[in-house]
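**Q** Just passing along the structure, written as structure tokens.
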Amino acid sequence: MRILLTGAAGFIGFHLANRLLQRGDTIAGLDNLNAYYDVALKQARLAILKEAPRFAFMHVDMADRRAMEALFAKERFDAIVNLAAQAGVRHSLDHPHDYVESNITGFMNVLEGARRQKSGHLVYASTSSVYGATDHLPNRETDGTDHPLSLYAATKKANEVMAHSYTHLFGVPTTGLRFFTVYGPWGRPDMALFKFTRGILAGERLPVYNRGQMDRDFTYVDDIVEGVVRILDRPDGYRIFNIGNNERVPLMRYIEAIEKATGRKADLELLPMQPGDVPATEADTSALDAAVGFKPATPVEEGVQRFVDWYRAYYKVPK
């Protein structure tokens, strides 16, 4: 297939592009290479992808309507995977317009392109954050998502309902995937695993919110990619799926796994809960399993070790 992949220089986009190239697909990789985090890391990912003859990079901001219209007028795609977005709950507190431009306007341009080109299945990243604060765990796709706690979550909820309207009105097959706390090699520097690993290896004090009393369904990036690929090959109207590891992991267990992988003890600064955060997440992935026969299951200790090994190698940190 010829696939348009937005956010190709991003964490998940990089891993997904690699997987699709390995199986023989042709990838048109789009990214605006914004400075939300280290652009050099994005460029390093791209350098690897550009070694593949079936990968073509396009430096385009999907919020740029004219550029996106020109792209869809020139190129033809069999499917689209939209991973480009302004991510991060905390960043949305101070930079709300970034989220509207990328996650709403940008997604609108992708939907319009898919509609007018009839480009097949549109798979897009949503988030576990749409569930907001709930005492009902694990989260199921049928749970209410009308009370997001951050603008980031609100924009992702908006993507889901926008996609529903395009499936209903124009027959665009769309699938939204609610990712649960993705981690792994080549991860984003603003994520907890990256921050904690860097801080522990540098001997710095680590801020830990809600005094460490949080649980997360940490999902290894290879499991996310496997789920995306299986869903991509099976368009079926409008659908929403969770992709998570089916396990509620205490944050302190996560930190202990990083301590073990680095061989260092963490110096923790226990702080109150941050605005927009939720105390716990856990995915029910029975619908995903029923649809494509896949259930993520990478143990957090194994995934953390892989990340730390990558981090030491990439940043040349001696053991």
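Every chain in the structure tokens takes a letter, A first, then B, and so on in the order presented; its residues are numbered from 1, and the ligands are numbered from 1 following the presented order.
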Which residues come within 12 Å of Val161 in chain A, counting only C-alpha atoms, excluding same-chain residues fewer than 6 positions away, as an MDAnalysis selection string?
**A** chainID A and resid 104 107:108 111 126 130 145:146 154:155 167:168 174:176 238:240
**Q** Contacts of range 217-231 of chain A at 9 Å or less, counting only C-alpha atoms, minus same-chain residues fewer than 2 places along, as an MDAnalysis selection string?
**A** chainID A and resid 11:13 15:16 19:20 81 123 175 177 179:185 187 215 233:235 243:250 254 280:283 288 291:300 303:304
**Q** Could you write out that same residue set with C-alpha atoms as a short mmCIF file (atom, residue, chain, number, x, y, z; two decimals), in the first residue's frame?
**A**
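What follows is the written file again.cif:
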data_model
loop_
_atom_site.label_atom_id
_atom_site.label_comp_id
_atom_site.auth_asym_id
_atom_site.auth_seq_id
_atom_site.Cartn_x
_atom_site.Cartn_y
_atom_site.Cartn_z
CA PHE A 11 8.09 8.77 18.48
CA ILE A 12 5.27 6.44 17.42
CA GLY A 13 5.36 7.57 13.80
CA HIS A 15 8.38 3.07 14.82
CA LEU A 16 5.26 2.61 12.70
CA ARG A 19 7.32 -1.53 10.57
CA LEU A 20 5.32 -0.64 7.46
CA VAL A 81 -2.45 7.14 9.47
CA VAL A 123 -6.61 5.56 11.22
CA THR A 175 -10.77 4.21 13.22
CA LEU A 177 -7.14 4.47 18.64
CA PHE A 179 -3.39 5.09 23.21
CA PHE A 180 -2.52 4.49 26.87
CA THR A 181 0.83 5.98 28.08
CA VAL A 182 3.18 4.86 25.31
CA TYR A 183 6.86 4.37 26.11
CA GLY A 184 9.97 2.82 24.60
CA PRO A 185 13.20 3.57 22.67
CA GLY A 187 10.62 8.22 23.11
CA ASP A 215 -1.25 4.29 38.37
CA ASP A 233 -5.61 -3.57 7.29
CA ARG A 234 -9.24 -3.95 8.43
CA PRO A 235 -11.38 -0.87 7.61
CA ILE A 243 -4.71 0.11 22.89
CA GLY A 244 -3.17 -0.44 26.30
CA ASN A 245 -1.26 -3.07 28.22
CA ASN A 246 -4.28 -4.20 30.25
CA GLU A 247 -2.45 -3.54 33.52
CA ARG A 248 -2.59 -0.77 36.10
CA VAL A 249 1.04 -0.18 37.12
CA PRO A 250 1.84 1.97 40.18
CA TYR A 254 7.77 2.17 37.18
CA ALA A 280 -5.15 6.20 37.29
CA THR A 281 -5.62 4.70 33.83
CA GLU A 282 -6.22 1.14 32.71
CA ALA A 283 -7.38 -0.13 29.32
CA LEU A 288 -9.36 -4.83 20.06
CA ALA A 291 -11.54 -7.40 16.18
CA VAL A 292 -7.94 -8.24 15.26
CA GLY A 293 -6.79 -10.99 17.65
CA PHE A 294 -4.19 -8.92 19.48
CA LYS A 295 -3.67 -8.05 23.13
CA PRO A 296 -0.60 -6.02 24.22
CA ALA A 297 1.40 -7.72 26.96
CA THR A 298 5.01 -6.44 27.15
CA PRO A 299 6.04 -6.39 30.86
CA VAL A 300 6.94 -2.90 32.03
CA GLY A 303 10.18 -2.32 28.14
CA VAL A 304 11.96 0.03 30.55
#
**Q** Skipping near chain neighbours, those fewer than 6 positions away, what residues fall within 12 Å of Ala313 in chain A using only C-alpha atoms, listed as a ChimeraX atom specification?
**A** /A:185-186,306-307,319
**Q** Filtering to N, CA, C and O atoms, could you give me those residues as a compact mmCIF listing (two decimals), in the first residue's frame?
**A**
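The result, written out as selection09.txt:
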# COMPACT_ATOMS: atom_id res chain seq x y z
N PRO A 185 12.05 2.91 23.31
CA PRO A 185 13.20 3.57 22.67
C PRO A 185 12.76 4.65 21.69
O PRO A 185 11.72 4.54 21.05
N TRP A 186 13.57 5.70 21.60
CA TRP A 186 13.31 6.86 20.75
C TRP A 186 12.12 7.69 21.25
O TRP A 186 11.53 8.47 20.51
N ARG A 306 14.72 -1.89 27.81
CA ARG A 306 15.02 -1.60 26.41
C ARG A 306 15.21 -0.09 26.20
O ARG A 306 16.09 0.33 25.43
N PHE A 307 14.37 0.70 26.86
CA PHE A 307 14.51 2.15 26.71
C PHE A 307 15.84 2.62 27.29
O PHE A 307 16.54 3.42 26.65
N LYS A 319 28.07 2.90 31.33
CA LYS A 319 27.46 2.15 32.43
C LYS A 319 28.33 2.25 33.67
O LYS A 319 29.52 2.47 33.59
**Q** Contacts of Met68 in chain A at 10 Å or less, counting only C-alpha atoms, minus same-chain residues fewer than 6 places along, as a PyMOL selection string?
**A** chain A and resi 60-62+74+106+109-110+112-113
**Q** Give me the residues within 9 Å of Gly7 in chain A as a PyMOL selection string, counting only C-alpha atoms and dropping any in the same chain fewer than 4 places off.
**A** chain A and resi 11-14+29-33+81-85
**Q** Pick the closest to Arg205 in chain A from A:Leu251, A:Ala266, A:Met1, A:Leu149: which is it, counting only C-alpha atoms?
**A**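 Ranked by minimum distance to Arg205 in chain A, first place goes to A:Ala266.
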**Q** Using only C-alpha atoms, which residue out of A:Pro96, A:Gly237, A:Pro148, A:Pro53 lies closest to Gly171 in chain A?
**A** A:Gly237
**Q** Run DSSP on the backbone and give me the residues of range 34-264 of chain A it puts in helix (DSSP H, G or I), as a PyMOL selection string.
**A** chain A and resi 39-49+65-74+91-94+96-117+128-131+151-170+192-202+209-212+221-232+251-262
**Q** Just the number, please: distance in Å from CA of Val39 in chain A to CA of Arg198 in chain A, one decimal.
**A** 17.6 Å
**Q** Identify, with DSSP run on backbone atoms, the residues in range 90-165 of chain A assigned to strand (DSSP E), and express the list as a PyMOL selection string.
**A** chain A and resi 121-127
**Q** Could you save the residues just selected, with N, CA, C and O atoms, as a compact mmCIF listing (two decimals), in the first residue's frame?
**A**
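This went into out22.txt:
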# COMPACT_ATOMS: atom_id res chain seq x y z
N HIS A 121 -8.87 3.80 4.19
CA HIS A 121 -8.98 3.80 5.64
C HIS A 121 -8.16 4.93 6.27
O HIS A 121 -6.98 5.08 5.99
N LEU A 122 -8.80 5.70 7.14
CA LEU A 122 -8.12 6.72 7.94
C LEU A 122 -8.05 6.23 9.38
O LEU A 122 -9.07 6.10 10.05
N VAL A 123 -6.85 5.95 9.83
CA VAL A 123 -6.61 5.56 11.22
C VAL A 123 -5.94 6.73 11.91
O VAL A 123 -4.99 7.31 11.37
N TYR A 124 -6.42 7.10 13.09
CA TYR A 124 -5.88 8.28 13.76
C TYR A 124 -5.69 8.02 15.25
O TYR A 124 -6.38 7.19 15.85
N ALA A 125 -4.73 8.73 15.82
CA ALA A 125 -4.42 8.58 17.25
C ALA A 125 -5.38 9.42 18.08
O ALA A 125 -5.49 10.63 17.89
N SER A 126 -6.06 8.76 19.00
CA SER A 126 -6.77 9.45 20.06
C SER A 126 -5.96 9.21 21.35
O SER A 126 -4.76 8.97 21.28
N THR A 127 -6.58 9.27 22.49
CA THR A 127 -5.83 9.16 23.74
C THR A 127 -6.71 8.65 24.87
O THR A 127 -7.92 8.88 24.89
**Q** Set the distance at 10 Å and use only C-alpha atoms: which residues neighbour Asp38 in chain A once local chain neighbours fewer than 4 positions away are removed? I'd like the list as a PyMOL selection string.
**A** chain A and resi 33-34+42-43+188-190
